[in-house]
>>> print(open('entry35.txt').read())   # compact mmCIF, C-alpha atoms
# COMPACT_ATOMS: atom_id res chain seq x y z
CA MET A 3 20.43 -4.86 13.01
CA LYS A 4 19.51 -8.50 12.93
CA GLY A 5 16.68 -10.25 14.65
CA GLU A 6 12.97 -9.78 14.80
CA THR A 7 11.55 -6.30 14.33
CA PRO A 8 10.01 -4.90 17.55
CA ILE A 9 6.26 -4.15 17.46
CA GLY A 10 6.87 -0.40 17.93
CA ILE A 11 9.08 -0.30 14.83
CA LYS A 12 6.47 -2.29 12.87
CA LEU A 13 3.80 0.23 13.89
CA LEU A 14 6.06 3.12 12.90
CA ALA A 15 6.61 1.42 9.52
CA LEU A 16 2.82 1.28 9.09
CA PHE A 17 2.60 4.96 10.03
CA PHE A 18 5.07 5.87 7.28
CA ALA A 19 3.26 3.59 4.81
CA PHE A 20 0.03 5.43 5.64
CA GLY A 21 1.86 8.73 5.06
CA ALA A 22 3.01 7.53 1.64
CA CYS A 23 -0.58 6.55 0.75
CA MET A 24 -1.87 9.96 1.83
CA CYS A 25 0.79 11.61 -0.34
CA ALA A 26 -0.40 9.55 -3.30
CA LEU A 27 -4.01 10.51 -2.60
CA THR A 28 -3.05 14.19 -2.34
CA MET A 29 -1.15 13.99 -5.62
CA GLY A 30 -4.22 12.48 -7.27
CA LEU A 31 -6.43 15.24 -5.90
CA LEU A 32 -3.97 17.87 -7.14
CA LEU A 33 -3.59 16.28 -10.57
CA PHE A 34 -7.34 15.88 -11.13
CA PRO A 35 -9.15 18.80 -9.49
CA GLY A 36 -12.92 18.69 -9.47
CA GLY A 37 -13.01 14.90 -9.39
CA PRO A 38 -15.30 12.73 -7.32
CA LEU A 39 -12.92 12.79 -4.33
CA ASP A 40 -12.48 16.57 -4.36
CA SER A 41 -14.78 16.91 -1.35
CA LEU A 42 -11.96 15.42 0.75
CA TRP A 43 -10.33 18.87 0.74
CA ARG A 44 -12.99 19.88 3.28
CA LEU A 45 -11.02 17.85 5.82
CA ASN A 46 -8.11 20.28 5.51
CA SER A 47 -9.06 23.35 3.52
CA GLU A 48 -5.93 25.21 4.71
CA ALA A 49 -3.74 22.59 3.04
CA HIS A 50 -5.77 22.91 -0.15
CA SER A 51 -5.24 26.67 -0.15
CA ALA A 52 -1.52 26.24 0.52
CA PHE A 53 -1.15 23.74 -2.33
CA GLN A 54 -3.01 26.07 -4.68
CA TRP A 55 -0.68 28.91 -3.66
CA ILE A 56 2.40 26.73 -4.35
CA GLY A 57 1.00 25.66 -7.72
CA ARG A 58 2.11 22.66 -9.75
CA SER A 59 5.31 22.36 -7.70
CA SER A 60 3.15 21.00 -4.89
CA ILE A 61 2.84 17.73 -6.82
CA LEU A 62 6.63 17.39 -6.88
CA LEU A 63 6.77 18.24 -3.18
CA MET A 64 4.23 15.52 -2.36
CA ALA A 65 6.11 13.03 -4.55
CA ILE A 66 9.32 13.71 -2.62
CA VAL A 67 7.55 13.38 0.74
CA GLY A 68 5.77 10.22 -0.42
CA VAL A 69 8.98 8.55 -1.60
CA ALA A 70 10.70 9.51 1.67
CA CYS A 71 7.82 8.06 3.72
CA ALA A 72 7.69 4.87 1.64
CA SER A 73 11.45 4.44 1.94
CA ALA A 74 11.37 4.95 5.70
CA GLY A 75 8.50 2.47 5.99
CA ILE A 76 10.40 -0.14 4.00
CA GLY A 77 13.60 0.44 5.95
CA LEU A 78 11.79 0.20 9.27
CA ALA A 79 9.91 -2.95 8.20
CA ARG A 80 13.26 -4.54 7.31
CA ASN A 81 14.66 -3.40 10.67
CA ALA A 82 17.45 -1.59 8.82
CA THR A 83 19.52 1.03 10.56
CA TRP A 84 19.15 3.42 7.60
CA GLY A 85 15.36 3.09 7.90
CA ARG A 86 15.49 4.21 11.51
CA TRP A 87 17.68 7.19 10.67
CA LEU A 88 15.48 8.16 7.74
CA GLY A 89 12.38 7.94 9.94
CA ILE A 90 14.04 10.11 12.59
CA LEU A 91 15.07 12.65 9.94
CA ILE A 92 11.55 12.83 8.49
CA LEU A 93 10.00 13.26 11.94
CA ALA A 94 12.58 15.94 12.86
CA VAL A 95 11.92 17.91 9.66
CA ASN A 96 8.18 17.65 10.32
CA LEU A 97 8.66 18.88 13.90
CA VAL A 98 10.68 21.91 12.73
CA GLY A 99 8.04 22.69 10.10
CA ASP A 100 5.20 22.43 12.62
CA LEU A 101 7.02 24.63 15.14
CA THR A 102 7.77 27.22 12.45
CA ASN A 103 4.16 27.20 11.34
CA GLY A 104 2.97 27.57 14.92
CA VAL A 105 5.24 30.54 15.59
CA ALA A 106 4.25 32.19 12.31
CA ARG A 107 0.57 31.68 13.14
CA ILE A 108 0.99 33.25 16.58
CA LYS A 109 2.75 36.25 15.04
CA ARG A 110 -0.01 36.66 12.40
CA GLU A 111 -2.71 36.56 15.07
CA ALA A 112 -0.86 39.10 17.21
CA PHE A 113 -1.19 41.76 14.50
>>> encode(input="entry35.txt", output="structure tokens")
Amino acid sequence: MKGETPIGIKLLALFFAFGACMCALTMGLLLFPGGPLDSLWRLNSEAHSAFQWIGRSSILLMAIVGVACASAGIGLARNATWGRWLGILILAVNLVGDLTNGVARIKREAF
């Protein structure tokens, strides 16, 4: 698509850029446990437990998510069609993951 990028798309690009930065921060926290920023895990202790359960593969997972977010952000900022589709795909995968987690949590609490 040619032309100026709409403000909503610019904001979505910033959202994905923020996601990429948070992935980088998480990778740093996973690579260097016990560091000065380790207290940030208090913000989401469930995620910390999940990453510990996954092990070192969690760093690779965060790298993949971070690259995907950065790519979507770049594509959206350039107003590229592929950037829009990548952003939609990332949001759809996140939605499915959140729904699955919610259903699993309800089932755990029922027992």
>>> closest_atom_pairs(input="entry35.txt", of="range 23-94 of chain A", to="range 7-12 of chain A", cutoff="8 Å", atoms="only C-alpha atoms", output="CSV")
residue,atom,partner,partner_atom,distance
A:Leu78,CA,A:Ile11,CA,6.2
A:Ala79,CA,A:Lys12,CA,5.8
A:Arg80,CA,A:Thr7,CA,7.4
A:Asn81,CA,A:Thr7,CA,5.6
>>> closest_residue(input="entry35.txt", among="A:Met29, A:Met24, A:Leu97, A:Ala82", to="Leu63 in chain A", atoms="all atoms listed in the file")
A:Met29
>>> atom_distance(input="entry35.txt", atom1="CA of Gly77 in chain A", atom2="CA of Ser60 in chain A")
25.5 Å
>>> atom_distance(input="entry35.txt", atom1="CA of Ser59 in chain A", atom2="CA of Ser47 in chain A")
18.3 Å
>>> residues_around(input="entry35.txt", residues="Ala22 in chain A", least_positions_apart="4", cutoff="12 Å", atoms="all atoms listed in the file", output="number ranges by chain")
A: 15-18, 26-29, 64-76
>>> atom_distance(input="entry35.txt", atom1="CA of Gly99 in chain A", atom2="CA of Leu45 in chain A")
20.1 Å
>>> closest_residue(input="entry35.txt", among="A:Asp40, A:Leu32, A:Lys109, A:Ile90", to="Ala52 in chain A", atoms="only C-alpha atoms")
A:Leu32
>>> closest_residue(input="entry35.txt", among="A:Pro38, A:Cys25, A:Gly85, A:Ile108", to="Ile61 in chain A", atoms="only C-alpha atoms")
A:Cys25
>>> closest_residue(input="entry35.txt", among="A:Leu62, A:Ile56, A:Ala112, A:Ile92", to="Leu14 in chain A", atoms="only C-alpha atoms")
A:Ile92
>>> build_atoms(input="entry35.txt", residues="range 32-50 of chain A", atoms="N, CA and C atoms", output="tab-separated table (two decimals), keeping the file's coordinate frame")
chain	number	residue	atom	x	y	z
A	32	LEU	N	-4.56	16.70	-6.50
A	32	LEU	CA	-3.97	17.87	-7.14
A	32	LEU	C	-3.91	17.73	-8.66
A	33	LEU	N	-3.67	16.51	-9.12
A	33	LEU	CA	-3.59	16.28	-10.57
A	33	LEU	C	-4.95	16.34	-11.25
A	34	PHE	N	-6.00	15.94	-10.55
A	34	PHE	CA	-7.34	15.88	-11.13
A	34	PHE	C	-8.33	16.66	-10.28
A	35	PRO	N	-8.22	18.00	-10.30
A	35	PRO	CA	-9.15	18.80	-9.49
A	35	PRO	C	-10.58	18.67	-10.01
A	36	GLY	N	-11.51	18.78	-9.09
A	36	GLY	CA	-12.92	18.69	-9.47
A	36	GLY	C	-13.42	17.27	-9.64
A	37	GLY	N	-12.61	16.29	-9.26
A	37	GLY	CA	-13.01	14.90	-9.39
A	37	GLY	C	-13.95	14.47	-8.29
A	38	PRO	N	-14.34	13.21	-8.30
A	38	PRO	CA	-15.30	12.73	-7.32
A	38	PRO	C	-14.80	12.75	-5.87
A	39	LEU	N	-13.48	12.77	-5.68
A	39	LEU	CA	-12.92	12.79	-4.33
A	39	LEU	C	-12.55	14.20	-3.86
A	40	ASP	N	-12.87	15.19	-4.67
A	40	ASP	CA	-12.48	16.57	-4.36
A	40	ASP	C	-13.07	17.07	-3.04
A	41	SER	N	-14.17	16.48	-2.61
A	41	SER	CA	-14.78	16.91	-1.35
A	41	SER	C	-13.89	16.59	-0.14
A	42	LEU	N	-12.88	15.74	-0.33
A	42	LEU	CA	-11.96	15.42	0.75
A	42	LEU	C	-11.17	16.65	1.21
A	43	TRP	N	-11.05	17.66	0.35
A	43	TRP	CA	-10.33	18.87	0.74
A	43	TRP	C	-11.02	19.57	1.91
A	44	ARG	N	-12.30	19.28	2.14
A	44	ARG	CA	-12.99	19.88	3.28
A	44	ARG	C	-12.37	19.45	4.60
A	45	LEU	N	-11.68	18.32	4.61
A	45	LEU	CA	-11.02	17.85	5.82
A	45	LEU	C	-9.86	18.75	6.22
A	46	ASN	N	-9.22	19.37	5.23
A	46	ASN	CA	-8.11	20.28	5.51
A	46	ASN	C	-8.08	21.35	4.42
A	47	SER	N	-8.96	22.31	4.54
A	47	SER	CA	-9.06	23.35	3.52
A	47	SER	C	-7.84	24.26	3.52
A	48	GLU	N	-7.16	24.39	4.67
A	48	GLU	CA	-5.93	25.21	4.71
A	48	GLU	C	-4.85	24.58	3.84
A	49	ALA	N	-4.73	23.27	3.87
A	49	ALA	CA	-3.74	22.59	3.04
A	49	ALA	C	-4.07	22.79	1.56
A	50	HIS	N	-5.35	22.70	1.23
A	50	HIS	CA	-5.77	22.91	-0.15
A	50	HIS	C	-5.38	24.30	-0.62
